[in-house]
Each structure stands twice: as C-alpha cells, then as structure tokens.
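Peer 1: So here's query_6.cif (mmCIF, C-alpha atoms and all ligand atoms).
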```cif
data_upload
loop_
_atom_site.label_atom_id
_atom_site.label_comp_id
_atom_site.auth_asym_id
_atom_site.auth_seq_id
_atom_site.Cartn_x
_atom_site.Cartn_y
_atom_site.Cartn_z
CA MET A 25 60.02 -32.81 74.65
CA LYS A 26 59.43 -35.93 76.68
CA SER A 27 59.28 -39.31 75.04
CA HIS A 28 55.65 -39.86 76.06
CA VAL A 29 54.78 -37.03 73.70
CA TRP A 30 56.92 -38.34 70.87
CA ARG A 31 55.82 -41.93 71.02
CA PRO A 32 52.17 -41.42 69.94
CA LEU A 33 53.40 -38.97 67.33
CA TYR A 34 55.66 -41.66 65.85
CA VAL A 35 52.71 -44.01 65.80
CA VAL A 36 50.60 -41.47 63.90
CA ILE A 37 53.39 -40.79 61.43
CA ALA A 38 53.84 -44.52 60.91
CA ILE A 39 50.10 -44.94 60.28
CA VAL A 40 50.07 -42.08 57.75
CA ILE A 41 53.09 -43.51 55.93
CA GLY A 42 51.44 -46.92 56.01
CA ILE A 43 48.26 -45.54 54.44
CA LEU A 44 50.20 -43.68 51.73
CA LEU A 45 52.21 -46.81 50.93
CA PHE A 46 49.07 -48.92 50.81
CA ARG A 47 47.44 -46.39 48.49
CA ALA A 48 50.48 -46.26 46.22
CA PHE A 49 50.38 -50.03 45.77
CA TYR A 50 46.66 -50.63 45.90
CA VAL A 51 45.12 -47.81 43.81
CA PRO A 52 45.69 -48.41 40.08
CA SER A 53 47.63 -45.62 38.39
CA ASP A 54 44.80 -44.79 35.99
CA PHE A 55 42.19 -44.41 38.73
CA GLY A 56 40.65 -40.94 38.71
CA ALA A 57 43.30 -39.92 36.17
CA GLN A 58 40.84 -37.88 34.10
CA GLU A 59 41.15 -34.20 33.42
CA ARG A 60 39.15 -33.22 36.48
CA GLY A 61 40.47 -35.86 38.81
CA TYR A 62 38.15 -37.85 41.00
CA THR A 63 35.26 -35.43 40.83
CA PHE A 64 33.70 -36.81 37.66
CA GLY A 65 36.07 -39.68 37.17
CA TYR A 66 35.73 -41.97 40.12
CA HIS A 67 36.75 -44.97 38.09
CA ARG A 68 39.68 -46.46 36.17
CA LEU A 69 40.24 -45.04 32.69
CA SER A 70 41.08 -48.50 31.37
CA ASN A 71 37.80 -49.77 32.77
CA GLU A 72 35.51 -47.58 30.66
CA GLN A 73 35.15 -49.96 27.74
CA GLU A 74 34.30 -52.76 30.14
CA TRP A 75 31.33 -50.74 31.40
CA LYS A 76 30.27 -49.72 27.91
CA ASP A 77 30.14 -53.40 27.01
CA TYR A 78 28.17 -54.27 30.13
CA PRO A 79 24.73 -55.36 28.96
CA ALA A 80 21.83 -53.16 30.07
CA LYS A 81 18.63 -54.91 31.12
CA TYR A 82 16.32 -52.17 29.87
CA LYS A 83 16.80 -51.90 26.12
CA GLY A 84 14.53 -49.01 25.21
CA ASN A 85 11.73 -48.57 22.69
CA ASP A 86 14.01 -48.66 19.64
CA TYR A 87 14.97 -52.21 20.52
CA CYS A 88 11.29 -53.23 20.80
CA ASN A 89 10.58 -51.44 17.55
CA GLU A 90 12.86 -53.82 15.64
CA CYS A 91 10.12 -56.47 15.74
CA HIS A 92 7.01 -54.88 17.24
CA ASP A 93 6.78 -51.81 15.04
CA ASP A 94 3.04 -52.31 14.66
CA LYS A 95 2.51 -52.02 18.42
CA ILE A 96 4.77 -49.00 18.70
CA GLU A 97 2.86 -47.29 15.93
CA GLU A 98 -0.42 -47.98 17.72
CA LEU A 99 1.01 -46.69 20.98
CA GLU A 100 2.49 -43.56 19.48
CA SER A 101 -0.80 -42.38 18.07
CA ALA A 102 -2.47 -42.51 21.49
CA HIS A 103 -2.28 -40.93 24.93
CA HIS A 104 0.25 -43.37 26.30
CA ALA A 105 2.83 -42.47 23.67
CA THR A 106 5.41 -41.24 26.17
CA ILE A 107 5.40 -44.42 28.22
CA PRO A 108 8.26 -46.80 27.44
CA CYS A 109 7.19 -50.35 26.53
CA GLU A 110 9.28 -51.80 29.32
CA ASN A 111 7.36 -49.98 32.04
CA CYS A 112 4.55 -52.52 31.64
CA HIS A 113 6.16 -55.34 29.68
CA GLY A 114 9.18 -55.51 31.94
CA ALA A 115 12.86 -55.09 31.14
CA ALA A 116 13.74 -56.84 27.88
CA PHE A 117 17.00 -58.46 29.02
CA ASP A 118 17.85 -60.69 26.00
CA HIS A 119 14.30 -61.11 24.78
CA PRO A 120 13.37 -62.92 22.50
CA ASP A 121 16.17 -65.39 23.32
CA ASN A 122 16.06 -65.11 27.07
CA PRO A 123 13.38 -64.67 28.29
CA GLU A 124 11.34 -65.94 25.38
CA LYS A 125 8.22 -64.21 26.68
CA LEU A 126 8.07 -61.13 28.85
CA ALA A 127 5.68 -61.13 31.79
CA ILE A 128 3.30 -58.22 31.23
CA ASP A 129 2.29 -56.36 34.36
CA ARG A 130 -1.46 -55.80 33.97
CA SER A 131 -2.10 -55.04 37.61
CA ARG A 132 -4.23 -52.18 38.90
CA GLU A 133 -1.25 -51.20 41.02
CA LEU A 134 0.69 -50.43 37.87
CA CYS A 135 -1.99 -48.16 36.41
CA ILE A 136 -2.66 -46.24 39.59
CA ARG A 137 0.98 -45.25 39.80
CA CYS A 138 -0.16 -42.45 37.51
CA HIS A 139 -3.97 -42.62 37.53
CA SER A 140 -4.74 -42.49 41.21
CA GLU A 141 -6.07 -38.96 41.55
CA LEU A 142 -3.78 -36.91 43.74
CA ILE A 143 -3.48 -33.19 44.19
CA MET A 144 0.12 -32.30 43.50
CA PRO A 145 0.20 -28.53 43.08
CA SER A 146 3.63 -28.41 41.45
CA SER A 147 3.26 -31.41 39.16
CA ASP A 148 1.74 -32.15 35.77
CA ARG A 149 0.25 -35.18 37.50
CA ASN A 150 -2.94 -33.10 37.76
CA ASP A 151 -3.30 -33.21 33.96
CA ILE A 152 -3.51 -37.00 33.92
CA PRO A 153 -7.04 -38.40 34.12
CA GLY A 154 -7.34 -39.71 37.65
CA ILE A 155 -9.65 -42.01 39.59
CA ASP A 156 -10.05 -43.01 43.20
CA PRO A 157 -8.87 -46.63 43.17
CA ALA A 158 -11.00 -47.36 46.23
CA GLU A 159 -14.17 -46.37 44.33
CA HIS A 160 -13.56 -46.93 40.61
CA ASN A 161 -14.56 -50.51 39.60
CA LYS A 162 -12.92 -51.98 42.64
CA GLY A 163 -11.13 -55.29 42.25
CA GLU A 164 -11.18 -55.29 38.46
CA GLU A 165 -8.25 -55.04 36.17
CA CYS A 166 -8.13 -51.72 34.32
CA SER A 167 -7.25 -53.52 31.09
CA GLU A 168 -10.64 -55.23 31.08
CA CYS A 169 -12.13 -51.95 29.81
CA HIS A 170 -9.16 -49.83 28.78
CA ASN A 171 -6.75 -50.88 26.08
CA PRO A 172 -3.36 -49.93 27.55
CA HIS A 173 -1.99 -49.04 24.11
CA ASN A 174 -4.92 -46.76 23.42
CA PRO A 175 -6.66 -46.14 26.73
CA SER A 176 -9.29 -43.60 25.72
CA LEU A 177 -12.70 -45.29 25.88
CA GLU A 178 -14.02 -43.01 23.15
CA ASP A 179 -11.49 -44.37 20.66
CA MET A 180 -12.41 -47.97 21.21
CA MET B 5 36.69 -19.54 36.10
CA LYS B 6 36.80 -16.05 34.67
CA ARG B 7 33.71 -13.90 34.84
CA ARG B 8 33.56 -13.72 31.07
CA ASN B 9 33.80 -17.47 30.63
CA PHE B 10 31.22 -17.96 33.31
CA LEU B 11 28.75 -15.63 31.62
CA LYS B 12 29.46 -17.25 28.28
CA SER B 13 28.90 -20.78 29.47
CA THR B 14 25.84 -19.71 31.42
CA ALA B 15 24.41 -18.18 28.27
CA VAL B 16 25.11 -21.38 26.34
CA PHE B 17 23.57 -23.47 29.09
CA VAL B 18 20.45 -21.35 29.34
CA ALA B 19 20.09 -21.34 25.57
CA GLY B 20 20.40 -25.11 25.55
CA ALA B 21 17.99 -25.48 28.41
CA SER B 22 15.32 -23.37 26.76
CA VAL B 23 15.20 -25.46 23.59
CA SER B 24 11.81 -27.10 23.60
CA VAL B 25 11.66 -30.83 24.16
CA SER B 26 10.30 -31.52 20.70
CA ALA B 27 13.30 -29.77 19.14
CA LEU B 28 15.63 -31.96 21.19
CA ASP B 29 14.37 -35.01 19.33
CA PHE B 30 16.43 -33.95 16.34
CA ILE B 31 19.67 -33.67 18.26
CA ASP B 32 21.92 -36.69 18.35
CA PRO B 33 24.22 -36.33 21.37
CA LYS B 34 26.86 -38.52 19.75
CA GLU B 35 27.08 -36.29 16.68
CA ILE B 36 27.27 -33.13 18.74
CA LEU B 37 29.97 -34.56 20.96
CA ALA B 38 32.01 -35.66 17.94
CA ALA B 39 31.84 -32.13 16.53
CA ASN B 40 32.55 -30.42 19.88
CA PRO B 41 34.70 -32.75 21.98
CA GLU B 42 35.19 -30.02 24.60
CA LEU B 43 31.47 -29.98 25.36
CA ARG B 44 30.34 -30.66 28.92
CA TRP B 45 26.81 -31.84 29.49
CA GLY B 46 24.37 -30.57 32.05
CA PHE B 47 21.52 -32.60 33.50
CA LEU B 48 18.24 -30.79 33.92
CA VAL B 49 15.16 -32.18 35.61
CA ASP B 50 11.84 -30.43 35.23
CA THR B 51 10.16 -31.40 38.46
CA HIS B 52 6.78 -30.32 37.09
CA LYS B 53 7.09 -33.16 34.61
CA CYS B 54 7.51 -35.73 37.36
CA VAL B 55 4.17 -37.37 38.05
CA GLY B 56 5.41 -39.56 40.87
CA CYS B 57 4.90 -42.87 39.05
CA GLY B 58 8.07 -44.31 40.57
CA PHE B 59 8.99 -46.23 37.42
CA CYS B 60 12.47 -44.71 37.58
CA VAL B 61 12.96 -46.16 41.05
CA LYS B 62 11.73 -49.57 39.96
CA ALA B 63 13.88 -49.54 36.82
CA CYS B 64 16.93 -48.38 38.74
CA LYS B 65 16.59 -51.25 41.19
CA ILE B 66 16.18 -53.82 38.44
CA GLU B 67 18.93 -52.41 36.27
CA ASN B 68 21.45 -52.30 39.12
CA ASP B 69 20.48 -55.59 40.78
CA ILE B 70 19.30 -53.97 44.00
CA PRO B 71 17.16 -56.39 46.05
CA PHE B 72 13.61 -55.47 45.07
CA GLU B 73 11.77 -56.25 48.29
CA ALA B 74 14.38 -54.80 50.63
CA ASN B 75 13.69 -51.19 51.54
CA VAL B 76 16.87 -49.86 49.94
CA THR B 77 17.23 -47.75 46.80
CA ARG B 78 19.87 -45.82 44.90
CA THR B 79 17.23 -43.68 43.19
CA TRP B 80 14.25 -42.32 45.02
CA VAL B 81 11.49 -39.75 44.58
CA GLU B 82 10.23 -37.55 47.39
CA ARG B 83 7.08 -35.53 47.71
CA TYR B 84 6.44 -32.75 50.14
CA VAL B 85 3.03 -32.15 51.59
CA ILE B 86 2.20 -28.83 53.18
CA LYS B 87 -0.45 -29.35 55.81
CA LYS B 88 -3.14 -26.81 56.66
CA ASP B 89 -1.28 -25.79 59.81
CA GLY B 90 1.81 -25.01 57.73
CA ASP B 91 3.73 -28.13 58.69
CA VAL B 92 5.70 -29.65 55.82
CA VAL B 93 6.08 -33.41 55.73
CA MET B 94 8.32 -35.39 53.43
CA ASP B 95 6.81 -38.56 52.02
CA CYS B 96 8.79 -41.31 50.34
CA PRO B 97 7.16 -44.74 50.75
CA LYS B 98 9.78 -47.39 49.90
CA GLY B 99 11.69 -44.72 47.99
CA ALA B 100 8.56 -44.40 45.77
CA ARG B 101 9.29 -47.83 44.28
CA ASP B 102 5.55 -48.37 43.74
CA GLY B 103 4.82 -44.73 42.97
CA TYR B 104 2.41 -42.47 44.80
CA THR B 105 -1.01 -44.03 44.75
CA THR B 106 -2.84 -42.63 47.75
CA LYS B 107 -3.29 -39.36 49.59
CA LEU B 108 -2.01 -41.06 52.73
CA ILE B 109 1.40 -40.02 53.95
CA ASP B 110 3.66 -42.92 54.75
S1 LIG A 201 8.61 -40.84 39.33
FE1 LIG A 201 10.47 -41.12 38.11
S2 LIG A 201 9.79 -42.08 36.18
FE2 LIG A 201 7.96 -41.25 37.19
S3 LIG A 201 7.70 -39.19 36.31
FE3 LIG A 201 8.91 -38.95 38.19
S4 LIG A 201 11.06 -39.02 37.54
FE4 LIG A 201 9.81 -39.85 35.83
#
```
Rewrite the structure of this file - the entire thing - as structure tokens.

Peer 2:
Amino acid sequence: MKSHVWRPLYVVIAIVIGILLFRAFYVPSDFGAQERGYTFGYHRLSNEQEWKDYPAKYKGNDYCNECHDDKIEELESAHHATIPCENCHGAAFDHPDNPEKLAIDRSRELCIRCHSELIMPSSDRNDIPGIDPAEHNKGEECSECHNPHNPSLEDM
Amino acid sequence: MKRRNFLKSTAVFVAGASVSVSALDFIDPKEILAANPELRWGFLVDTHKCVGCGFCVKACKIENDIPFEANVTRTWVERYVIKKDGDVVMDCPKGARDGYTTKLID
C-alpha cells in the first residue's frame, strides 16, 4: 500500500494509543470498579463516604420534629399531612444555627401549585380542592383565611 | 439472566410493588438491606400520584445548587395535553419549577 494510505492510519493509531495512555493515567483505578461496572457505579468507590458525609440542605420532617413536634402533630391530623414542612418553610440547611429563622413562603403562587383547578385526567390532582386563582379572592394571601397546617375552613 | 431467575425476580418485584403505601411505612430499608445484602432496589413512580406541584423540581435545584432563575433543571415534570383535534402537546414551563398553575400551555 502507498504511504499516503499508511500515514493517516499511523496518526489514528497514535491518537488511540494516546487516549488509552491518558485514560490509564488519568482515571483512578477504583472508578466504576463496582460489580456492574460503570452502569450503576459511575463514581469512585473510595469517594462514597465523602458523598455520604456531604450535608443535605433538605433535612426532612423527622429533623423538624426534633423541636417542632407540636406543629407536626397539628399538621398530621389535617389534610396537609403529606406535605413536607420544607415545601413551605424552605430547606432547613443548618437551622436553627444557620439560618436562625427560615423564610416561610406564604405566597399565593405556592398554594396554587396544587390548588389551581386543572383537569388532569390521569392525575389525582383532580381530588384536591381547586380554585380559579383569577377569580378566588384575587390579590389576597390564602393564609389570611386558611390555616396552612389545617386548611379546612370547617375545622377552624 | 435465566428465564427462571427472571420470573422469580419479577414475581418478587411485583409482590414488592403491590404492597400498599401504608404498609411500606413499617419497612426500614436499612434493616432489610442488612438482612439481604444481595437485594437490588427498584424505583417505582405512580404517575397518578403526581399532582404537578413542581416541588420536586424546586427542591432538586436548591439541593444541587442549580441556578434558580436560569431555565435549566436536572429534574423536570412534563404534562401532555390532548387537544380536541387529537393533537398532543407537551407542556413543561421552566421544567415545572413553579408547578402547573394555569390551563394555558407554555
Ligand atoms: S410535581 Fe414532583 S413533587 Fe409534585 S407531585 Fe409531582 S413528582 Fe411529586
């Protein structure tokens, strides 16, 4: 074969060898070393603890319950029982150290995420009491009438 | 995977999936995993349960430090609207970061 055929081929071979060498040096030996390879292990084995120790911003209701058990109890006996505290109160981060106070989202926009009446034929959304935000007490905050922890007006 | 194993694991999976949600409250995943280290978990989403509130999208952005105002998300929720003429449109305003609050399609 003529050299003009070989030359690009050498270049390609050199590039492939280069990539393999780079990979051998650059990819840590415990990367994707799990039983099923990369598929469910696209990380370093030795790195797992590091991620387990990584602080989560959302702490979950159990964390809130450590101090605010009275509020959780109130919430759990009412319609909003399934809603995590942090949906409205914001992620806890290191509360009560930092931030000392969480900024509560009392906006209409928050409530209508669920309570704007929409027809969704394949969703339980239809079972949630819904209003038309353009008609229902426009411009007012929902929490002026509804207690978010126990939103049924009959119970108030 | 052998046919037998496949049928077996399918049966286990279906059995697990049909446990009612209230029964799941009593199961501690850590305990189960300690007793059966070979266990592999499945992730099931009941799309009927999704109400389109978008809180998962918001939380995902905050948890993973994704710029909140920028129109980028790692998690998103779609809805599909079938129009009277049979056309199907996909709707996903800002990845559903603020939920679905109007009948309007973005
Ligand atoms: S939008 Fe997200 S948080 Fe809200 S119901 Fe659906 S999956 Fe759950």

Peer 1: Distance limit 9 Å, atoms considered: only C-alpha atoms. Which chain B residues sit that close to chain A? Return them as a list in words.

Peer 2: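 Every residue meeting the condition is included here: Thr51, His52, Lys53, Cys54, Val55, Gly56, Cys57, Gly58, Phe59, Ala63, Ile66, Glu67, Asn68, Arg83, Val85, Asp102, Gly103, Tyr104, Thr105, Thr106 and Lys107 of chain B.
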
Peer 1: May I ask which of the residues B:Ile70, B:Ile109, B:Cys60, B:Ala100 is the closest one to ligand LIG 201 (chain A), counting only C-alpha atoms and all ligand atoms?

Peer 2: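 For ligand LIG 201 (chain A), the nearest of the given residues is B:Cys60.
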
Peer 1: Using all atoms listed in the file, pick whichever of B:Met94, B:Leu108, B:Cys64, B:Val81 has the shortest atom-to-atom distance to ligand LIG 201 (chain A).

Peer 2: B:Val81

Peer 1: How far is it from atom CA of B:Arg8 to atom CA of B:Ala38, in Å with one decimal?

Peer 2: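 Taking atom CA of B:Arg8 as the start and atom CA of B:Ala38 as the end point, the length is 25.6 Å.
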
Peer 1: For A:Ser167, please output as a ChimeraX atom specification all residues within 12 Å (counting all atoms listed in the file; exclusion window: fewer than 3 positions along the same chain).

Peer 2: /A:112,128-135,161,163-164,170-177

Peer 1: When you draw a straight line from atom CA of B:Thr77 to atom CA of B:Lys62, how long is it in Å?

Peer 2: 9.0 Å

Peer 1: For atom CA of A:Asp54 and atom CA of A:Leu69, determine how far apart the two atoms are, in Å to one decimal place.

Peer 2: 5.6 Å

Peer 1: Rank B:Asn75, B:Val61, B:Asp89, B:Cys96 by their smallest atom-to-atom distance to ligand LIG 201 (chain A), using only C-alpha atoms and all ligand atoms, and report the top residue only.

Peer 2: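 Of B:Asn75, B:Val61, B:Asp89, B:Cys96, the one nearest ligand LIG 201 (chain A), counting only C-alpha atoms and all ligand atoms, is B:Val61.
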
Peer 1: A:His113, A:Ser70, A:Gly84, A:Thr106: which is nearest ligand LIG 201 (chain A), counting only C-alpha atoms and all ligand atoms?

Peer 2: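 Of A:His113, A:Ser70, A:Gly84, A:Thr106, the one nearest ligand LIG 201 (chain A), counting only C-alpha atoms and all ligand atoms, is A:Thr106.
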
Peer 1: Find the spatial neighbours of B:Glu42, counting all atoms listed in the file, within a cut-off of 12 Å - ignore same-chain residues fewer than 5 positions away - and output them as a list of chain:residue names.

Peer 2: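 So the residues in contact are A:Glu59, B:Ile36, B:Leu37.
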
Peer 1: Can stretch 89-100 of chain A be brought up to all heavy atoms and written out as a PDB file, keeping the file's coordinate frame?

Peer 2:
```pdb
ATOM      1  N   ASN A  89      11.082 -51.828  18.865  1.00  0.00           N
ATOM      2  CA  ASN A  89      10.580 -51.440  17.550  1.00  0.00           C
ATOM      3  C   ASN A  89      11.129 -52.337  16.424  1.00  0.00           C
ATOM      4  O   ASN A  89      10.521 -52.454  15.359  1.00  0.00           O
ATOM      5  CB  ASN A  89      10.945 -49.986  17.283  1.00  0.00           C
ATOM      6  CG  ASN A  89      10.161 -49.399  16.135  1.00  0.00           C
ATOM      7  OD1 ASN A  89       9.012 -49.763  15.925  1.00  0.00           O
ATOM      8  ND2 ASN A  89      10.785 -48.512  15.396  1.00  0.00           N
ATOM      9  N   GLU A  90      12.262 -52.976  16.679  1.00  0.00           N
ATOM     10  CA  GLU A  90      12.860 -53.820  15.640  1.00  0.00           C
ATOM     11  C   GLU A  90      11.893 -54.934  15.190  1.00  0.00           C
ATOM     12  O   GLU A  90      11.904 -55.323  14.034  1.00  0.00           O
ATOM     13  CB  GLU A  90      14.176 -54.425  16.135  1.00  0.00           C
ATOM     14  CG  GLU A  90      15.312 -53.399  16.154  1.00  0.00           C
ATOM     15  CD  GLU A  90      16.558 -53.918  16.844  1.00  0.00           C
ATOM     16  OE1 GLU A  90      16.761 -55.152  16.875  1.00  0.00           O
ATOM     17  OE2 GLU A  90      17.334 -53.086  17.356  1.00  0.00           O
ATOM     18  N   CYS A  91      11.090 -55.431  16.116  1.00  0.00           N
ATOM     19  CA  CYS A  91      10.120 -56.470  15.740  1.00  0.00           C
ATOM     20  C   CYS A  91       8.671 -55.993  15.872  1.00  0.00           C
ATOM     21  O   CYS A  91       7.821 -56.340  15.068  1.00  0.00           O
ATOM     22  CB  CYS A  91      10.293 -57.700  16.604  1.00  0.00           C
ATOM     23  SG  CYS A  91      11.936 -58.412  16.534  1.00  0.00           S
ATOM     24  N   HIS A  92       8.406 -55.211  16.929  1.00  0.00           N
ATOM     25  CA  HIS A  92       7.010 -54.880  17.240  1.00  0.00           C
ATOM     26  C   HIS A  92       6.638 -53.486  16.748  1.00  0.00           C
ATOM     27  O   HIS A  92       5.994 -52.721  17.464  1.00  0.00           O
ATOM     28  CB  HIS A  92       6.801 -54.966  18.760  1.00  0.00           C
ATOM     29  CG  HIS A  92       7.142 -56.306  19.343  1.00  0.00           C
ATOM     30  ND1 HIS A  92       6.363 -57.414  19.134  1.00  0.00           N
ATOM     31  CD2 HIS A  92       8.176 -56.706  20.118  1.00  0.00           C
ATOM     32  CE1 HIS A  92       6.911 -58.458  19.771  1.00  0.00           C
ATOM     33  NE2 HIS A  92       8.011 -58.056  20.366  1.00  0.00           N
ATOM     34  N   ASP A  93       7.040 -53.170  15.531  1.00  0.00           N
ATOM     35  CA  ASP A  93       6.780 -51.810  15.040  1.00  0.00           C
ATOM     36  C   ASP A  93       5.289 -51.511  14.950  1.00  0.00           C
ATOM     37  O   ASP A  93       4.876 -50.364  15.118  1.00  0.00           O
ATOM     38  CB  ASP A  93       7.470 -51.590  13.687  1.00  0.00           C
ATOM     39  CG  ASP A  93       7.223 -52.727  12.710  1.00  0.00           C
ATOM     40  OD1 ASP A  93       6.936 -53.835  13.181  1.00  0.00           O
ATOM     41  OD2 ASP A  93       7.310 -52.501  11.492  1.00  0.00           O
ATOM     42  N   ASP A  94       4.480 -52.547  14.732  1.00  0.00           N
ATOM     43  CA  ASP A  94       3.040 -52.310  14.660  1.00  0.00           C
ATOM     44  C   ASP A  94       2.498 -51.800  16.000  1.00  0.00           C
ATOM     45  O   ASP A  94       1.694 -50.876  16.051  1.00  0.00           O
ATOM     46  CB  ASP A  94       2.306 -53.591  14.231  1.00  0.00           C
ATOM     47  CG  ASP A  94       2.665 -54.787  15.106  1.00  0.00           C
ATOM     48  OD1 ASP A  94       3.832 -54.853  15.562  1.00  0.00           O
ATOM     49  OD2 ASP A  94       1.789 -55.643  15.351  1.00  0.00           O
ATOM     50  N   LYS A  95       2.978 -52.427  17.095  1.00  0.00           N
ATOM     51  CA  LYS A  95       2.510 -52.020  18.420  1.00  0.00           C
ATOM     52  C   LYS A  95       2.977 -50.609  18.766  1.00  0.00           C
ATOM     53  O   LYS A  95       2.241 -49.817  19.341  1.00  0.00           O
ATOM     54  CB  LYS A  95       3.053 -52.982  19.488  1.00  0.00           C
ATOM     55  CG  LYS A  95       2.609 -54.406  19.310  1.00  0.00           C
ATOM     56  CD  LYS A  95       1.145 -54.544  19.696  1.00  0.00           C
ATOM     57  CE  LYS A  95       0.713 -55.992  19.529  1.00  0.00           C
ATOM     58  NZ  LYS A  95      -0.736 -56.137  19.409  1.00  0.00           N
ATOM     59  N   ILE A  96       4.223 -50.331  18.404  1.00  0.00           N
ATOM     60  CA  ILE A  96       4.770 -49.000  18.700  1.00  0.00           C
ATOM     61  C   ILE A  96       3.979 -47.942  17.952  1.00  0.00           C
ATOM     62  O   ILE A  96       3.669 -46.877  18.483  1.00  0.00           O
ATOM     63  CB  ILE A  96       6.265 -48.945  18.341  1.00  0.00           C
ATOM     64  CG1 ILE A  96       7.003 -49.976  19.192  1.00  0.00           C
ATOM     65  CG2 ILE A  96       6.819 -47.535  18.483  1.00  0.00           C
ATOM     66  CD1 ILE A  96       8.145 -49.485  20.021  1.00  0.00           C
ATOM     67  N   GLU A  97       3.630 -48.248  16.732  1.00  0.00           N
ATOM     68  CA  GLU A  97       2.860 -47.290  15.930  1.00  0.00           C
ATOM     69  C   GLU A  97       1.507 -47.024  16.590  1.00  0.00           C
ATOM     70  O   GLU A  97       1.078 -45.881  16.729  1.00  0.00           O
ATOM     71  CB  GLU A  97       2.653 -47.868  14.531  1.00  0.00           C
ATOM     72  CG  GLU A  97       2.399 -46.815  13.481  1.00  0.00           C
ATOM     73  CD  GLU A  97       2.246 -47.463  12.113  1.00  0.00           C
ATOM     74  OE1 GLU A  97       3.163 -48.229  11.724  1.00  0.00           O
ATOM     75  OE2 GLU A  97       1.213 -47.232  11.476  1.00  0.00           O
ATOM     76  N   GLU A  98       0.872 -48.103  17.052  1.00  0.00           N
ATOM     77  CA  GLU A  98      -0.420 -47.980  17.720  1.00  0.00           C
ATOM     78  C   GLU A  98      -0.270 -47.115  18.968  1.00  0.00           C
ATOM     79  O   GLU A  98      -1.040 -46.197  19.219  1.00  0.00           O
ATOM     80  CB  GLU A  98      -0.909 -49.390  18.114  1.00  0.00           C
ATOM     81  CG  GLU A  98      -2.310 -49.421  18.695  1.00  0.00           C
ATOM     82  CD  GLU A  98      -2.658 -50.784  19.303  1.00  0.00           C
ATOM     83  OE1 GLU A  98      -1.867 -51.735  19.140  1.00  0.00           O
ATOM     84  OE2 GLU A  98      -3.710 -50.874  19.955  1.00  0.00           O
ATOM     85  N   LEU A  99       0.778 -47.405  19.735  1.00  0.00           N
ATOM     86  CA  LEU A  99       1.010 -46.690  20.980  1.00  0.00           C
ATOM     87  C   LEU A  99       1.266 -45.210  20.726  1.00  0.00           C
ATOM     88  O   LEU A  99       0.751 -44.331  21.417  1.00  0.00           O
ATOM     89  CB  LEU A  99       2.198 -47.309  21.712  1.00  0.00           C
ATOM     90  CG  LEU A  99       2.569 -46.716  23.068  1.00  0.00           C
ATOM     91  CD1 LEU A  99       1.516 -47.094  24.101  1.00  0.00           C
ATOM     92  CD2 LEU A  99       3.939 -47.184  23.517  1.00  0.00           C
ATOM     93  N   GLU A 100       2.059 -44.938  19.699  1.00  0.00           N
ATOM     94  CA  GLU A 100       2.490 -43.560  19.480  1.00  0.00           C
ATOM     95  C   GLU A 100       1.381 -42.650  19.003  1.00  0.00           C
ATOM     96  O   GLU A 100       1.523 -41.437  19.061  1.00  0.00           O
ATOM     97  CB  GLU A 100       3.680 -43.534  18.513  1.00  0.00           C
ATOM     98  CG  GLU A 100       4.959 -43.805  19.281  1.00  0.00           C
ATOM     99  CD  GLU A 100       6.200 -43.862  18.418  1.00  0.00           C
ATOM    100  OE1 GLU A 100       6.061 -43.813  17.181  1.00  0.00           O
ATOM    101  OE2 GLU A 100       7.283 -43.961  19.005  1.00  0.00           O
TER     102      GLU A 100
END
```
